[in-house]
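S.K.: Attaching a single structure in structure tokens format; questions to follow.
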Amino acid sequence: MKKTFVIICLSTINLFYSQDKTISFNVKKGEELLQYKISKQGQPFIVMGKEGKDLTIISYDSLLNLNYEKSFKSNYKGLPGFFGRGMYSSPIYYDLRVSIDGKYAVSENDKKIFYPDGRIIDTKIESFFYPKDIDHNSSFISNENLCIIGKEMIEVKKGKYEKSDNSIFLFRNLNNLNVKKTEFKTPKIESNQEVLKWGLSSYHKNFFFMVNKELNKERTNDKYNIVKYDYNGEILSLKSVEIKLDKKYFTASFNGFGAYAISYTGMASRHEMSSTATGNIYTDLKNNVFYIYGLYTNDKDNDFYQSTFGGFYIHKFNSEGELIWKMEKTIVDTKDFNKNSLCFHMQVDFYNLNNGQIGFAISKSNNSNFAHLFSLNEKDGKIIKSKKIEFKVNDLMREGIKNGSFPTGFNSETLIGKNNGNIETLFSTFFNPNIESFFKKNKTTKLNYKTNITENGVFLIEEDNKNNKFRILKFNN
């Protein structure tokens with residue numbers, strides 16, 4: 001095995017900066033950080049190297065202890081060297097998808113599986129996520145289970161497939177590569193309201209959830225149907241809950257459940273919001289509860305796409321679908337939030353901070369750049385603190401096109417000094433006082449940060465772009 005080009009340094013708790021652990025690494029001159037990925041439970045992966053050379057993958061656990069560091073051969077190809085004068089192109093990262101527990105990873109392009117013990121297996125699988133016999137709808141890796149949901153594709157003649165009406169659940173065990181394919185059944189919903197298609201909501205170690213919605217025309221009452229499946233594709237339970245607003249009306253957001261579609265018309269494309277985007281759901285398995293949340297408007301007659309924004313709502317339920325509490329919060333911000341705005345510019349983010357608090361963020365980053373941040377008590381939904389922040393955005397850095405190895409481009413000198421981050425970097429200074437203190441002590445540096453807020457802590461990757469030096473910092477919630 002070739003010698004690694006990564007220099008790793010571990011440091012224990014640094015009281016001066018208040019982070020709980022830090023690892024540092026350098027990338028060899030002429031080589032690049034090709035991927036930084038973190039699992040839902042907070043386990044980082046790093047891939048580094050150069051096209052045409054062996055790459056290196058490094059895996060850590062959620063405490064930033066080293067799991068393994070391995071070199072491997074790859075078919076990775078980066079960008080061509082020339083795009084024309086004045087033209088830019090987004091970077092090509094190494095394709096890596098990781099399991100929720102951070103133990104398994106898969107590369108579609110290289111047809112490789114990366115195992116918890118550091119083994120790297122080359123497979124002859126044509127496609128992990130897009131097999132010819134399934135029209136892909138959803139796919140995910142839950143621990144050692146690689147799953148695909150979609151319509152069955154039938155080969156009508158050699159090399160030609162047509163989509164059938166049969167839904168299929170494909171389950172591949174990454175340890176033995178055995179495949180099980182079965183019919184995927186969803187409950188039939190009888191309703192006089194608009195019934196939306198089933199969509200993947202969340203996935204976990206032993207089961208996953210699918211959700212659909214029933215929307216009334218008045219936009220005051222949404223019904224969520226939530227199905228729990230095991231990894232044989234069998235239904236374990238079906239719960240239905242209703243979300244009602246009092247003299248308010250549902251409106252959509254960029255990342256509401258179902259999000260939006262892109263319609264292509266000749267050379268151009270346009271965004272078309274889907275009515276599925278009027279709310280979202282978060283499942284907290286540790287406490288056996290789930291939350292449904294979204295935005296509302298006070299405009300009765302306007303459609304959900306063109307209405308102004310009035311505030312947000314959160315409803316908390318136990319695992320049986322019984323309401324624990326609900327809250328609605330009016331936001332008075334005539335300068336920004338309350339203006340008429342296209343919904344796909346407004347984003348809503350929900351964070352289980354795992355410290356008795358919920359983090360909630362509503363943000364917009366196109367022609368006006370702001371966010372409303374809230375910290376709520378998870379027991380009763382009462383707001384503990386709130387803040388509006390404003391920031392600047394460098395679009396080329398946000399797309400990862402220049403001045404960094406990963407997308408950043410968000411800056412607020414009040415929050416992070418002269419540094420650049422992704423939008424979660426700005427959010428984290430509100431949710432975590434240790435991160436706020438960290439940036440106050442480092443406000444004169446000009447470094448790049450990408451932040452992931454997880455249930456197991458907040459992780460920041462830091463890049464010194466001039467010297468090709470990196471650190472990963474973990475802060476407990």
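Chain identifiers are assigned as A, B, and so on, following the order in which chains appear in the structure tokens; residues are numbered from 1 within each chain, and ligands are numbered from 1 in order of appearance.
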Need to verify the contact set: Trp325 in chain A, 7 Å, only C-alpha atoms, exclusion of same-chain residues closer than 4 positions in sequence. Can you return it as a VMD selection string?
M.R.: chain A and resid 315 to 316 380 to 381
S.K.: Give me a file of those residues, with C-alpha atoms, as an mmCIF file, in the first residue's frame.
M.R.:
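Contents of result24.cif, as written:
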```
data_model
loop_
_atom_site.group_PDB
_atom_site.id
_atom_site.type_symbol
_atom_site.label_atom_id
_atom_site.label_comp_id
_atom_site.auth_asym_id
_atom_site.auth_seq_id
_atom_site.Cartn_x
_atom_site.Cartn_y
_atom_site.Cartn_z
ATOM 1 C CA HIS A 315 -47.066 20.572 15.783
ATOM 2 C CA LYS A 316 -45.557 17.823 17.965
ATOM 3 C CA ASP A 380 -43.778 22.723 25.388
ATOM 4 C CA GLY A 381 -42.781 24.513 22.152
#
```
S.K.: Pick out the residues sitting within 7 Å of Ile416 in chain A, and hand them over as a list in words; count only C-alpha atoms, and ignore anything fewer than 3 positions along from it in its own chain.
M.R.: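 Answer for this query is Asn411, Ser412, Glu413, Asn419, Phe439, Lys440 and Lys443 of chain A.
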S.K.: Keeping N, CA, C and O atoms, export the residues of the selection given above as a JSON list (two decimals), in the first residue's frame.
M.R.:
```json
[["chain", "number", "residue", "atom", "x", "y", "z"],
["A", 411, "ASN", "N", -21.31, 35.10, 4.33],
["A", 411, "ASN", "CA", -20.49, 35.87, 5.26],
["A", 411, "ASN", "C", -21.33, 36.89, 6.01],
["A", 411, "ASN", "O", -22.21, 37.54, 5.45],
["A", 412, "SER", "N", -21.06, 36.99, 7.29],
["A", 412, "SER", "CA", -21.58, 38.06, 8.14],
["A", 412, "SER", "C", -20.46, 38.42, 9.10],
["A", 412, "SER", "O", -20.06, 37.59, 9.93],
["A", 413, "GLU", "N", -19.89, 39.62, 8.95],
["A", 413, "GLU", "CA", -18.77, 40.00, 9.81],
["A", 413, "GLU", "C", -19.19, 40.02, 11.28],
["A", 413, "GLU", "O", -18.39, 39.75, 12.16],
["A", 419, "ASN", "N", -14.30, 35.42, 7.83],
["A", 419, "ASN", "CA", -14.36, 34.06, 7.32],
["A", 419, "ASN", "C", -15.58, 33.87, 6.41],
["A", 419, "ASN", "O", -16.52, 34.66, 6.42],
["A", 439, "PHE", "N", -15.80, 31.98, 16.85],
["A", 439, "PHE", "CA", -15.64, 32.95, 15.76],
["A", 439, "PHE", "C", -15.31, 34.34, 16.28],
["A", 439, "PHE", "O", -14.64, 35.12, 15.59],
["A", 440, "LYS", "N", -15.74, 34.68, 17.47],
["A", 440, "LYS", "CA", -15.35, 35.96, 18.05],
["A", 440, "LYS", "C", -13.84, 36.01, 18.27],
["A", 440, "LYS", "O", -13.21, 37.06, 18.11],
["A", 443, "LYS", "N", -12.11, 36.22, 14.42],
["A", 443, "LYS", "CA", -12.83, 37.07, 13.48],
["A", 443, "LYS", "C", -11.93, 37.70, 12.42],
["A", 443, "LYS", "O", -12.42, 38.18, 11.40]]
```
S.K.: Find the residues around Lys228 in chain A up to 8 Å (only C-alpha atoms counted), leave out those fewer than 3 positions away in its own chain, and share them as a PyMOL selection string.
M.R.: chain A and resi 207-210+235-238
S.K.: Compile the contact shell of Ile154 in chain A as number ranges by chain: residues with an atom at most 12 Å away, counting only C-alpha atoms, same-chain residues fewer than 4 positions apart removed.
M.R.: A: 131-135, 158-168
S.K.: Leaving out Tyr76 in chain A and any residue of its chain fewer than 4 positions from it, which residues lie within 8 Å of it when counting only C-alpha atoms, given as a list in words?
M.R.: Glu51, Gly52, Tyr94, Asn109 and Asp110 of chain A
S.K.: Go ahead and write the residues just picked, N, CA and C atoms, as a PDB file, in the first residue's frame.
M.R.:
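To be explicit, this is the file written out as out.pdb:
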```
ATOM      1  N   GLU A  51      -6.970  13.121 -10.077  1.00  0.00           N
ATOM      2  CA  GLU A  51      -7.383  12.300 -11.209  1.00  0.00           C
ATOM      3  C   GLU A  51      -6.199  11.537 -11.781  1.00  0.00           C
ATOM      4  N   GLY A  52      -6.415  10.239 -12.043  1.00  0.00           N
ATOM      5  CA  GLY A  52      -5.361   9.412 -12.614  1.00  0.00           C
ATOM      6  C   GLY A  52      -4.438   8.796 -11.589  1.00  0.00           C
ATOM      7  N   TYR A  94     -15.908  13.670  -5.716  1.00  0.00           N
ATOM      8  CA  TYR A  94     -15.946  12.215  -5.740  1.00  0.00           C
ATOM      9  C   TYR A  94     -17.320  11.759  -5.271  1.00  0.00           C
ATOM     10  N   ASN A 109     -19.870   5.423  -9.212  1.00  0.00           N
ATOM     11  CA  ASN A 109     -18.979   5.467 -10.368  1.00  0.00           C
ATOM     12  C   ASN A 109     -17.918   4.372 -10.310  1.00  0.00           C
ATOM     13  N   ASP A 110     -17.329   4.181  -9.133  1.00  0.00           N
ATOM     14  CA  ASP A 110     -16.268   3.174  -8.987  1.00  0.00           C
ATOM     15  C   ASP A 110     -16.801   1.774  -8.707  1.00  0.00           C
TER      16      ASP A 110
END
```
S.K.: Can you tell me which residues surround Ser62 in chain A at a distance of at most 9 Å, considering only C-alpha atoms, apart from same-chain residues fewer than 2 positions away, and format the answer as a list in words?
M.R.: Gln41, Gly42, Gln43, Pro44, Tyr60, Leu64, Asn65, Gly102, Asn456, Gly457 and Lys474 of chain A
S.K.: Atoms to include: all heavy atoms. Write the selected residues as a PDB file, in the first residue's frame.
M.R.:
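Saved result, selection_23.pdb, follows:
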```pdb
ATOM      1  N   GLN A  41     -25.720  10.839  11.475  1.00  0.00           N
ATOM      2  CA  GLN A  41     -25.395  10.713  12.893  1.00  0.00           C
ATOM      3  C   GLN A  41     -24.032  11.314  13.242  1.00  0.00           C
ATOM      4  O   GLN A  41     -23.562  11.167  14.366  1.00  0.00           O
ATOM      5  CB  GLN A  41     -25.466   9.246  13.316  1.00  0.00           C
ATOM      6  CG  GLN A  41     -26.867   8.666  13.212  1.00  0.00           C
ATOM      7  CD  GLN A  41     -26.938   7.207  13.600  1.00  0.00           C
ATOM      8  OE1 GLN A  41     -25.936   6.576  13.919  1.00  0.00           O
ATOM      9  NE2 GLN A  41     -28.139   6.650  13.592  1.00  0.00           N
ATOM     10  N   GLY A  42     -23.403  11.988  12.279  1.00  0.00           N
ATOM     11  CA  GLY A  42     -22.198  12.759  12.583  1.00  0.00           C
ATOM     12  C   GLY A  42     -20.886  12.014  12.448  1.00  0.00           C
ATOM     13  O   GLY A  42     -19.966  12.219  13.246  1.00  0.00           O
ATOM     14  N   GLN A  43     -20.748  11.162  11.420  1.00  0.00           N
ATOM     15  CA  GLN A  43     -19.481  10.477  11.166  1.00  0.00           C
ATOM     16  C   GLN A  43     -18.883  11.007   9.864  1.00  0.00           C
ATOM     17  O   GLN A  43     -19.468  10.825   8.798  1.00  0.00           O
ATOM     18  CB  GLN A  43     -19.688   8.954  11.071  1.00  0.00           C
ATOM     19  CG  GLN A  43     -20.083   8.292  12.377  1.00  0.00           C
ATOM     20  CD  GLN A  43     -21.569   8.293  12.633  1.00  0.00           C
ATOM     21  OE1 GLN A  43     -22.343   8.790  11.819  1.00  0.00           O
ATOM     22  NE2 GLN A  43     -21.989   7.739  13.763  1.00  0.00           N
ATOM     23  N   PRO A  44     -17.729  11.685   9.918  1.00  0.00           N
ATOM     24  CA  PRO A  44     -17.148  12.298   8.718  1.00  0.00           C
ATOM     25  C   PRO A  44     -16.376  11.314   7.836  1.00  0.00           C
ATOM     26  O   PRO A  44     -15.736  10.382   8.331  1.00  0.00           O
ATOM     27  CB  PRO A  44     -16.186  13.359   9.289  1.00  0.00           C
ATOM     28  CG  PRO A  44     -16.540  13.485  10.741  1.00  0.00           C
ATOM     29  CD  PRO A  44     -17.061  12.158  11.142  1.00  0.00           C
ATOM     30  N   TYR A  60     -14.007   8.594  10.099  1.00  0.00           N
ATOM     31  CA  TYR A  60     -13.971   8.852  11.538  1.00  0.00           C
ATOM     32  C   TYR A  60     -15.310   8.504  12.157  1.00  0.00           C
ATOM     33  O   TYR A  60     -16.352   8.521  11.481  1.00  0.00           O
ATOM     34  CB  TYR A  60     -13.684  10.338  11.820  1.00  0.00           C
ATOM     35  CG  TYR A  60     -12.377  10.843  11.266  1.00  0.00           C
ATOM     36  CD1 TYR A  60     -12.340  11.497  10.030  1.00  0.00           C
ATOM     37  CD2 TYR A  60     -11.181  10.673  11.955  1.00  0.00           C
ATOM     38  CE1 TYR A  60     -11.147  11.972   9.510  1.00  0.00           C
ATOM     39  CE2 TYR A  60      -9.986  11.148  11.433  1.00  0.00           C
ATOM     40  CZ  TYR A  60      -9.977  11.787  10.223  1.00  0.00           C
ATOM     41  OH  TYR A  60      -8.802  12.250   9.703  1.00  0.00           O
ATOM     42  N   LEU A  64     -14.707  11.743  16.392  1.00  0.00           N
ATOM     43  CA  LEU A  64     -13.533  12.063  15.574  1.00  0.00           C
ATOM     44  C   LEU A  64     -12.358  11.138  15.857  1.00  0.00           C
ATOM     45  O   LEU A  64     -11.194  11.507  15.664  1.00  0.00           O
ATOM     46  CB  LEU A  64     -13.113  13.537  15.728  1.00  0.00           C
ATOM     47  CG  LEU A  64     -14.123  14.568  15.235  1.00  0.00           C
ATOM     48  CD1 LEU A  64     -13.524  15.976  15.272  1.00  0.00           C
ATOM     49  CD2 LEU A  64     -14.624  14.246  13.839  1.00  0.00           C
ATOM     50  N   ASN A  65     -12.653   9.927  16.308  1.00  0.00           N
ATOM     51  CA  ASN A  65     -11.631   8.886  16.372  1.00  0.00           C
ATOM     52  C   ASN A  65     -11.512   8.246  14.992  1.00  0.00           C
ATOM     53  O   ASN A  65     -12.508   8.055  14.291  1.00  0.00           O
ATOM     54  CB  ASN A  65     -12.013   7.815  17.402  1.00  0.00           C
ATOM     55  CG  ASN A  65     -12.101   8.383  18.804  1.00  0.00           C
ATOM     56  OD1 ASN A  65     -11.201   9.089  19.256  1.00  0.00           O
ATOM     57  ND2 ASN A  65     -13.191   8.077  19.495  1.00  0.00           N
ATOM     58  N   GLY A 102     -22.870   5.929   9.426  1.00  0.00           N
ATOM     59  CA  GLY A 102     -21.509   6.277   9.055  1.00  0.00           C
ATOM     60  C   GLY A 102     -20.558   5.108   8.977  1.00  0.00           C
ATOM     61  O   GLY A 102     -19.335   5.302   8.941  1.00  0.00           O
ATOM     62  N   ASN A 456     -25.667  14.528  17.069  1.00  0.00           N
ATOM     63  CA  ASN A 456     -24.486  14.172  17.862  1.00  0.00           C
ATOM     64  C   ASN A 456     -23.473  15.298  17.949  1.00  0.00           C
ATOM     65  O   ASN A 456     -22.315  15.068  18.305  1.00  0.00           O
ATOM     66  CB  ASN A 456     -23.814  12.923  17.277  1.00  0.00           C
ATOM     67  CG  ASN A 456     -24.606  11.665  17.562  1.00  0.00           C
ATOM     68  OD1 ASN A 456     -25.235  11.548  18.607  1.00  0.00           O
ATOM     69  ND2 ASN A 456     -24.609  10.731  16.632  1.00  0.00           N
ATOM     70  N   GLY A 457     -23.894  16.505  17.639  1.00  0.00           N
ATOM     71  CA  GLY A 457     -22.994  17.641  17.737  1.00  0.00           C
ATOM     72  C   GLY A 457     -22.922  18.422  16.437  1.00  0.00           C
ATOM     73  O   GLY A 457     -23.534  18.057  15.430  1.00  0.00           O
ATOM     74  N   LYS A 474     -15.283  19.532  16.210  1.00  0.00           N
ATOM     75  CA  LYS A 474     -16.576  19.106  16.724  1.00  0.00           C
ATOM     76  C   LYS A 474     -16.916  19.890  17.971  1.00  0.00           C
ATOM     77  O   LYS A 474     -16.099  20.034  18.888  1.00  0.00           O
ATOM     78  CB  LYS A 474     -16.572  17.607  17.063  1.00  0.00           C
ATOM     79  CG  LYS A 474     -17.938  17.165  17.594  1.00  0.00           C
ATOM     80  CD  LYS A 474     -17.925  15.774  18.188  1.00  0.00           C
ATOM     81  CE  LYS A 474     -19.303  15.483  18.774  1.00  0.00           C
ATOM     82  NZ  LYS A 474     -19.358  14.159  19.436  1.00  0.00           N
TER      83      LYS A 474
END
```
S.K.: One number please: CA of Asp333 in chain A to CA of Ser307 in chain A, in Å, one decimal.
M.R.: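 Interatomic distance here is 15.1 Å.
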S.K.: May I ask for the distance between CA of Gly356 in chain A and CA of Glu378 in chain A, given in Å to one decimal place?
M.R.: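 Calculated distance between CA of Gly356 in chain A and CA of Glu378 in chain A is 5.7 Å.
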